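start.cif follows; it contains mmCIF, C-alpha atoms.
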```cif
data_start
#
loop_
_atom_site.label_atom_id
_atom_site.label_comp_id
_atom_site.auth_asym_id
_atom_site.auth_seq_id
_atom_site.Cartn_x
_atom_site.Cartn_y
_atom_site.Cartn_z
CA MET C 254 13.32 -13.98 7.83
CA ASN C 255 15.37 -11.52 5.76
CA THR C 256 14.34 -8.24 4.23
CA MET C 257 15.27 -6.58 0.97
CA PRO C 258 14.74 -2.90 0.12
CA GLY C 259 12.32 -2.11 -2.67
CA THR C 260 11.78 1.21 -4.43
CA PHE C 261 10.63 2.90 -1.24
CA GLY C 262 9.65 0.06 1.07
CA TYR C 263 10.72 -3.37 2.17
CA GLY C 264 10.08 -6.84 0.85
CA GLN C 265 9.91 -10.01 2.87
CA GLU C 266 11.64 -13.24 2.00
CA TYR C 267 9.37 -16.21 2.54
CA ASP C 268 10.80 -19.64 3.27
CA ASN C 269 9.04 -21.94 0.83
CA THR C 270 10.99 -25.00 1.96
CA ALA C 271 9.41 -25.25 5.42
CA ALA C 272 7.97 -28.70 6.11
CA ASN C 273 4.25 -29.13 6.75
CA ASN C 274 2.65 -31.56 9.17
CA SER C 275 0.93 -33.41 6.34
CA PRO C 276 0.56 -33.25 2.54
CA LEU C 277 -3.09 -32.23 2.93
CA GLU C 278 -2.15 -29.34 5.19
CA GLY C 279 0.45 -28.24 2.68
CA ILE C 280 -2.16 -28.17 -0.11
CA GLU C 281 -4.61 -26.20 2.07
CA ASN C 282 -1.91 -23.69 2.99
CA ALA C 283 -0.94 -23.28 -0.66
CA PHE C 284 -4.55 -22.55 -1.68
CA SER C 285 -4.97 -20.18 1.25
CA GLU C 286 -1.77 -18.27 0.45
CA LYS C 287 -2.72 -18.03 -3.24
CA ALA C 288 -6.18 -16.68 -2.39
CA ILE C 289 -4.68 -14.08 -0.03
CA ARG C 290 -2.11 -13.04 -2.62
CA MET C 291 -4.73 -12.70 -5.37
CA GLY C 292 -6.91 -10.57 -3.11
CA PHE C 293 -3.85 -8.44 -2.32
CA ILE C 294 -3.09 -7.94 -6.02
CA ARG C 295 -6.71 -6.97 -6.80
CA LYS C 296 -6.67 -4.46 -3.95
CA VAL C 297 -3.38 -2.93 -5.12
CA TYR C 298 -4.52 -2.53 -8.71
CA GLY C 299 -7.89 -1.16 -7.59
CA ILE C 300 -6.15 1.57 -5.59
CA LEU C 301 -3.69 2.16 -8.43
CA MET C 302 -6.49 2.67 -10.97
CA VAL C 303 -8.05 5.34 -8.76
CA GLN C 304 -4.66 7.06 -8.38
CA LEU C 305 -4.04 7.05 -12.13
CA ALA C 306 -7.58 8.29 -12.86
CA VAL C 307 -7.06 11.25 -10.52
CA THR C 308 -3.68 12.00 -12.12
CA VAL C 309 -5.06 11.83 -15.66
CA GLY C 310 -7.89 14.15 -14.61
CA PHE C 311 -5.42 16.71 -13.28
CA ILE C 312 -3.28 16.53 -16.42
CA CYS C 313 -6.30 17.05 -18.68
CA LEU C 314 -7.44 19.98 -16.55
CA PHE C 315 -4.04 21.65 -16.72
CA ILE C 316 -3.47 21.22 -20.46
CA PHE C 317 -7.01 21.82 -21.77
CA GLU C 318 -8.22 24.61 -19.45
CA PRO C 319 -6.40 27.88 -20.34
CA LYS C 320 -7.14 29.57 -17.00
CA VAL C 321 -5.74 26.67 -15.00
CA ASN C 322 -2.74 26.49 -17.34
CA HIS C 323 -2.03 30.18 -16.86
CA PHE C 324 -2.51 29.93 -13.10
CA ALA C 325 -0.02 27.06 -12.84
CA ARG C 326 2.63 28.97 -14.79
CA SER C 327 2.04 32.19 -12.84
CA HIS C 328 2.37 30.67 -9.37
CA VAL C 329 5.61 28.73 -9.36
CA GLU C 330 5.73 28.95 -5.57
CA LEU C 331 2.85 26.47 -5.36
CA VAL C 332 4.98 23.90 -7.15
CA TRP C 333 7.71 24.19 -4.50
CA VAL C 334 5.16 23.92 -1.70
CA ALA C 335 3.61 20.84 -3.31
CA LEU C 336 7.06 19.31 -3.85
CA VAL C 337 7.95 19.70 -0.17
CA LEU C 338 4.60 18.24 0.89
CA VAL C 339 5.08 15.29 -1.49
CA PHE C 340 8.36 14.38 0.20
CA ILE C 341 6.78 14.77 3.64
CA MET C 342 3.87 12.50 2.75
CA MET C 343 6.22 9.96 1.18
CA ILE C 344 8.36 9.86 4.33
CA VAL C 345 5.23 9.39 6.44
CA LEU C 346 3.95 6.52 4.29
CA VAL C 347 7.32 4.78 4.03
CA CYS C 348 8.64 5.22 7.56
CA CYS C 349 5.50 5.05 9.72
CA ASP C 350 4.25 1.47 9.77
CA LYS C 351 1.22 2.27 11.94
CA VAL C 352 0.07 5.01 9.56
CA ARG C 353 0.63 2.83 6.49
CA ARG C 354 -1.25 -0.16 7.91
CA THR C 355 -4.13 1.61 9.70
CA PHE C 356 -7.38 2.03 7.80
CA PRO C 357 -8.64 4.60 6.78
CA VAL C 358 -5.66 6.81 7.68
CA ASN C 359 -3.45 4.96 5.18
CA LEU C 360 -5.86 5.57 2.28
CA ILE C 361 -6.30 9.23 3.25
CA CYS C 362 -2.53 9.79 3.33
CA LEU C 363 -2.09 7.97 0.01
CA MET C 364 -4.80 10.07 -1.64
CA VAL C 365 -3.25 13.30 -0.30
CA PHE C 366 0.07 12.15 -1.79
CA THR C 367 -1.70 11.34 -5.07
CA LEU C 368 -3.37 14.77 -5.25
CA LEU C 369 -0.07 16.54 -4.61
CA GLU C 370 1.78 14.40 -7.15
CA SER C 371 -1.02 14.93 -9.68
CA PHE C 372 -0.77 18.69 -9.20
CA LEU C 373 2.99 18.55 -9.84
CA LEU C 374 2.55 16.38 -12.93
CA GLY C 375 -0.26 18.57 -14.24
CA THR C 376 1.91 21.66 -13.79
CA THR C 377 4.76 19.96 -15.65
CA ALA C 378 2.45 18.91 -18.47
CA SER C 379 1.18 22.49 -18.83
CA TYR C 380 4.56 23.47 -20.32
CA TYR C 381 4.14 21.01 -23.21
CA ARG C 382 1.83 20.98 -26.20
CA HIS C 383 -1.34 18.90 -26.09
CA ASP C 384 -0.13 16.48 -28.76
CA GLU C 385 3.17 15.95 -26.92
CA VAL C 386 1.39 15.06 -23.68
CA MET C 387 -1.00 12.72 -25.49
CA MET C 388 1.86 11.03 -27.31
CA ALA C 389 3.82 10.58 -24.08
CA ALA C 390 0.72 9.20 -22.34
CA GLY C 391 0.15 6.70 -25.15
CA ILE C 392 3.77 5.55 -25.13
CA CYS C 393 3.77 5.28 -21.32
CA THR C 394 0.55 3.25 -21.35
CA PHE C 395 1.92 0.83 -23.94
CA VAL C 396 5.25 0.46 -22.11
CA CYS C 397 3.58 -0.06 -18.70
CA LEU C 398 1.20 -2.71 -20.03
CA GLY C 399 4.04 -4.51 -21.78
CA LEU C 400 6.29 -4.43 -18.73
CA THR C 401 3.48 -5.59 -16.44
CA LEU C 402 2.70 -8.57 -18.68
CA PHE C 403 6.40 -9.33 -18.85
CA ALA C 404 6.70 -9.20 -15.04
CA PHE C 405 3.74 -11.58 -14.67
CA GLN C 406 5.02 -14.28 -17.02
CA THR C 407 8.82 -14.08 -17.08
CA LYS C 408 10.91 -16.67 -15.26
CA TRP C 409 13.58 -14.08 -14.48
CA ASP C 410 13.49 -12.94 -10.87
CA PHE C 411 13.95 -9.17 -10.83
CA THR C 412 13.43 -8.98 -7.05
CA MET C 413 17.09 -9.97 -6.70
CA LEU C 414 18.12 -6.65 -8.32
CA GLY C 415 17.09 -4.35 -5.46
CA GLY C 416 20.65 -3.33 -4.58
CA MET C 417 21.68 -2.76 -8.20
CA LEU C 418 18.57 -0.68 -8.91
CA PHE C 419 19.20 1.47 -5.83
CA VAL C 420 22.75 2.16 -7.05
CA ALA C 421 21.38 2.97 -10.53
CA LEU C 422 18.92 5.40 -8.93
CA LEU C 423 21.73 7.16 -7.06
CA VAL C 424 23.79 7.42 -10.26
CA LEU C 425 20.76 8.85 -12.07
CA MET C 426 20.28 11.46 -9.33
CA CYS C 427 23.96 12.47 -9.55
CA PHE C 428 23.72 12.69 -13.35
CA GLY C 429 20.63 14.89 -13.02
CA PHE C 430 22.55 17.20 -10.68
CA ILE C 431 25.38 17.42 -13.22
CA CYS C 432 22.90 18.25 -16.00
CA ILE C 433 22.01 21.45 -14.11
CA PHE C 434 25.52 22.75 -14.72
CA ILE C 435 26.00 21.25 -18.19
CA PRO C 436 22.94 22.35 -20.16
CA GLY C 437 22.36 20.94 -23.59
CA ARG C 438 19.76 19.03 -25.57
CA VAL C 439 21.90 15.90 -25.98
CA VAL C 440 22.69 15.70 -22.26
CA ASN C 441 19.03 16.13 -21.34
CA VAL C 442 17.90 13.46 -23.81
CA VAL C 443 20.48 11.03 -22.44
CA TYR C 444 19.38 11.77 -18.87
CA ALA C 445 15.68 11.32 -19.71
CA SER C 446 16.41 8.08 -21.57
CA LEU C 447 18.39 6.66 -18.66
CA GLY C 448 15.63 7.70 -16.28
CA ALA C 449 13.00 5.95 -18.40
CA LEU C 450 15.16 2.82 -18.50
CA VAL C 451 15.76 2.76 -14.73
CA PHE C 452 12.09 3.18 -13.84
CA SER C 453 11.02 0.66 -16.46
CA VAL C 454 13.11 -1.93 -14.63
CA TYR C 455 11.79 -0.62 -11.30
CA LEU C 456 8.23 -1.19 -12.55
CA VAL C 457 9.03 -4.85 -13.26
CA PHE C 458 10.82 -5.12 -9.90
CA ASP C 459 7.94 -3.66 -7.89
CA THR C 460 5.35 -5.69 -9.80
CA GLN C 461 7.17 -8.93 -8.97
CA MET C 462 7.54 -7.79 -5.35
CA MET C 463 3.76 -7.56 -5.29
CA LEU C 464 3.22 -10.91 -7.03
CA GLY C 465 5.23 -12.99 -4.56
CA GLY C 466 5.03 -16.67 -5.44
CA LYS C 467 8.33 -18.12 -6.66
CA HIS C 468 10.13 -14.78 -6.48
CA ARG C 469 12.81 -14.58 -3.81
CA TYR C 470 11.47 -11.38 -2.21
CA SER C 471 7.92 -10.11 -1.91
CA LEU C 472 5.77 -7.62 -0.05
CA SER C 473 3.53 -8.78 2.76
CA PRO C 474 -0.20 -8.77 1.87
CA GLU C 475 -0.60 -6.16 4.63
CA GLU C 476 1.50 -3.74 2.58
CA TYR C 477 -1.07 -2.95 -0.12
CA ILE C 478 -0.52 0.80 0.39
CA MET C 479 3.23 0.41 -0.08
CA ALA C 480 2.73 -1.72 -3.20
CA ALA C 481 0.33 0.82 -4.74
CA LEU C 482 2.68 3.69 -3.83
CA ASN C 483 5.70 1.97 -5.40
CA ILE C 484 4.00 1.15 -8.70
CA TYR C 485 2.28 4.55 -8.91
CA VAL C 486 5.58 6.40 -8.42
CA ASP C 487 7.24 4.18 -11.04
CA ILE C 488 4.54 4.99 -13.60
CA VAL C 489 4.52 8.73 -12.82
CA LEU C 490 8.29 9.06 -13.12
CA LEU C 491 8.35 6.91 -16.26
CA PHE C 492 5.73 9.19 -17.82
CA SER C 493 7.72 12.28 -16.81
CA PHE C 494 10.89 11.01 -18.49
CA ILE C 495 9.02 9.92 -21.62
CA LEU C 496 7.37 13.36 -21.78
CA ASP C 497 10.83 14.95 -21.62
CA ILE C 498 12.06 12.74 -24.45
CA VAL C 499 9.04 13.56 -26.63
CA GLY C 500 9.39 17.27 -25.87
CA PHE C 501 13.10 17.33 -26.74
CA ALA C 502 12.47 15.37 -29.94
CA ASN C 503 9.75 17.76 -31.13
CA HIS C 504 11.75 20.89 -30.30
CA GLY C 505 15.02 19.61 -31.64
#
```
Written as structure tokens, how would this file's structure read?
Amino acid sequence: MNTMPGTFGYGQEYDNTAANNSPLEGIENAFSEKAIRMGFIRKVYGILMVQLAVTVGFICLFIFEPKVNHFARSHVELVWVALVLVFIMMIVLVCCDKVRRTFPVNLICLMVFTLLESFLLGTTASYYRHDEVMMAAGICTFVCLGLTLFAFQTKWDFTMLGGMLFVALLVLMCFGFICIFIPGRVVNVVYASLGALVFSVYLVFDTQMMLGGKHRYSLSPEEYIMAALNIYVDIVLLFSFILDIVGFANHG
């Protein structure tokens, strides 16, 4: 059994050509695997909806409550603390199998990560106008729904692109580092556009990793926390890049 790296976790390659003892046993196994996979998908999207609801609540609080908005801008040190804690929680969830697969510790860690990420996103949104945030949220929602439907029905197997996407992510990180030293509206728009493109493909990739079925690589049904984490991070980063694009367009 081979493994293939996903956005932050690992996918398993299932051998669909293994022979069964009888045709009836093969049919029973197929129905059993489909039922398990559907339960896995429902669990992932249930967790994801809670994560997104918490994040939307934080964003609304930061952009519509003046005191919270002012507090976020006045205490930049909290952003750095939250950023460090986000990376720590991500490392724990990705690298510690026992933590990720043990209930309820896995859900607690994921919710802590979600609260920290929501705080960071709310702080970022506080620097934009209300209409810009709403426009970015609407665009992100439309894009995510479209990409999810595409991932569900397309015959193209994006799970084979794990290596290419990882290279694209590294290139994007290097480009972002260069943008620090080469300021400019055009450079920033190009960077944000590339980031939105990369994480749009990542969203399709991680969705198909969750779906399994005929795709070459997939996540184990035990990895519902990893699946929710991957898709949540894809959506959050996609929204961040779209918000940058909208902000640059309105202030251009």
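Distance annotation: of C:Met364, C:Ala502, C:Cys397, C:Val309, the residue with the minimal separation from C:Val439 is C:Ala502; atom set is all atoms listed in the file.
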Give me the residues of stretch 377-412 of chain C that have any atom at most 12 Å from an atom of stretch 469-477 of chain C; for each, the nearest atom pair and the distance in Å, rounded to one decimal. Use all atoms listed in the file, sort by chain and number, and format it as a Markdown table.
```
| residue | atom | partner | partner_atom | distance |
| --- | --- | --- | --- | --- |
| C:Lys408 | CA | C:Arg469 | CA | 11.8 |
| C:Trp409 | CA | C:Arg469 | CA | 10.7 |
| C:Asp410 | CA | C:Arg469 | CA | 7.3 |
| C:Phe411 | CA | C:Arg469 | CA | 8.9 |
| C:Thr412 | CA | C:Tyr470 | CA | 5.7 |
```
Distance in Å - atom CA of C:Phe340 versus atom CA of C:Phe293:
26.0 Å
Nearest residue to C:Thr394 from the set C:Val489, C:Val352, C:Glu286, C:Val454 (distances using all atoms listed in the file)
C:Val489
Protein, DNA and RNA residues within 12 Å of (16.0, 5.4, -18.6), only C-alpha atoms, as a PyMOL selection string:
chain C and resi 418+421-422+424-426+428-429+441-456+487+490-495+497-498
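The set of protein, DNA and RNA residues with any counted atom at most 12 Å from (6.3, 23.8, -17.9) (all atoms listed in the file) reads Phe315, Ile316, Asn322, His323, Phe324, Ala325, Arg326, Ser327, His328, Val329, Val332, Leu373, Leu374, Gly375, Thr376, Thr377, Ala378, Ser379, Tyr380, Tyr381, Arg382, Val386, Ser493, Leu496, Asp497 and Gly500 of chain C.
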May I have the residues from that selection written out with C-alpha atoms, as a short mmCIF file (atom, residue, chain, number, x, y, z; two decimals), in the coordinates of the input?
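Result saved to result-v9.cif:
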```cif
data_model
loop_
_atom_site.label_atom_id
_atom_site.label_comp_id
_atom_site.auth_asym_id
_atom_site.auth_seq_id
_atom_site.Cartn_x
_atom_site.Cartn_y
_atom_site.Cartn_z
CA PHE C 315 -4.04 21.65 -16.72
CA ILE C 316 -3.47 21.22 -20.46
CA ASN C 322 -2.74 26.49 -17.34
CA HIS C 323 -2.03 30.18 -16.86
CA PHE C 324 -2.51 29.93 -13.10
CA ALA C 325 -0.02 27.06 -12.84
CA ARG C 326 2.63 28.97 -14.79
CA SER C 327 2.04 32.19 -12.84
CA HIS C 328 2.37 30.67 -9.37
CA VAL C 329 5.61 28.73 -9.36
CA VAL C 332 4.98 23.90 -7.15
CA LEU C 373 2.99 18.55 -9.84
CA LEU C 374 2.55 16.38 -12.93
CA GLY C 375 -0.26 18.57 -14.24
CA THR C 376 1.91 21.66 -13.79
CA THR C 377 4.76 19.96 -15.65
CA ALA C 378 2.45 18.91 -18.47
CA SER C 379 1.18 22.49 -18.83
CA TYR C 380 4.56 23.47 -20.32
CA TYR C 381 4.14 21.01 -23.21
CA ARG C 382 1.83 20.98 -26.20
CA VAL C 386 1.39 15.06 -23.68
CA SER C 493 7.72 12.28 -16.81
CA LEU C 496 7.37 13.36 -21.78
CA ASP C 497 10.83 14.95 -21.62
CA GLY C 500 9.39 17.27 -25.87
#
```
I need the residue nearest C:Phe403 from this list: C:Phe372, C:Phe311, C:Phe366, C:Phe458. Use only C-alpha atoms for the distance.
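Among C:Phe372, C:Phe311, C:Phe366, C:Phe458, it is C:Phe458 that comes nearest to C:Phe403.
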Would you pick out the contacts of C:Val297 at 9 Å or less, using all atoms listed in the file, so that residues sharing its chain but fewer than 6 positions from it are not included, and give the list as an NGL selection string?
:C and (463 or 477-481)
Next, the residues of the selection above should be written as a compact mmCIF listing (two decimals), keeping the file's coordinate frame with C-alpha atoms.
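Generated file (again03.txt):
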```txt
# COMPACT_ATOMS: atom_id res chain seq x y z
CA MET C 463 3.76 -7.56 -5.29
CA TYR C 477 -1.07 -2.95 -0.12
CA ILE C 478 -0.52 0.80 0.39
CA MET C 479 3.23 0.41 -0.08
CA ALA C 480 2.73 -1.72 -3.20
CA ALA C 481 0.33 0.82 -4.74
```
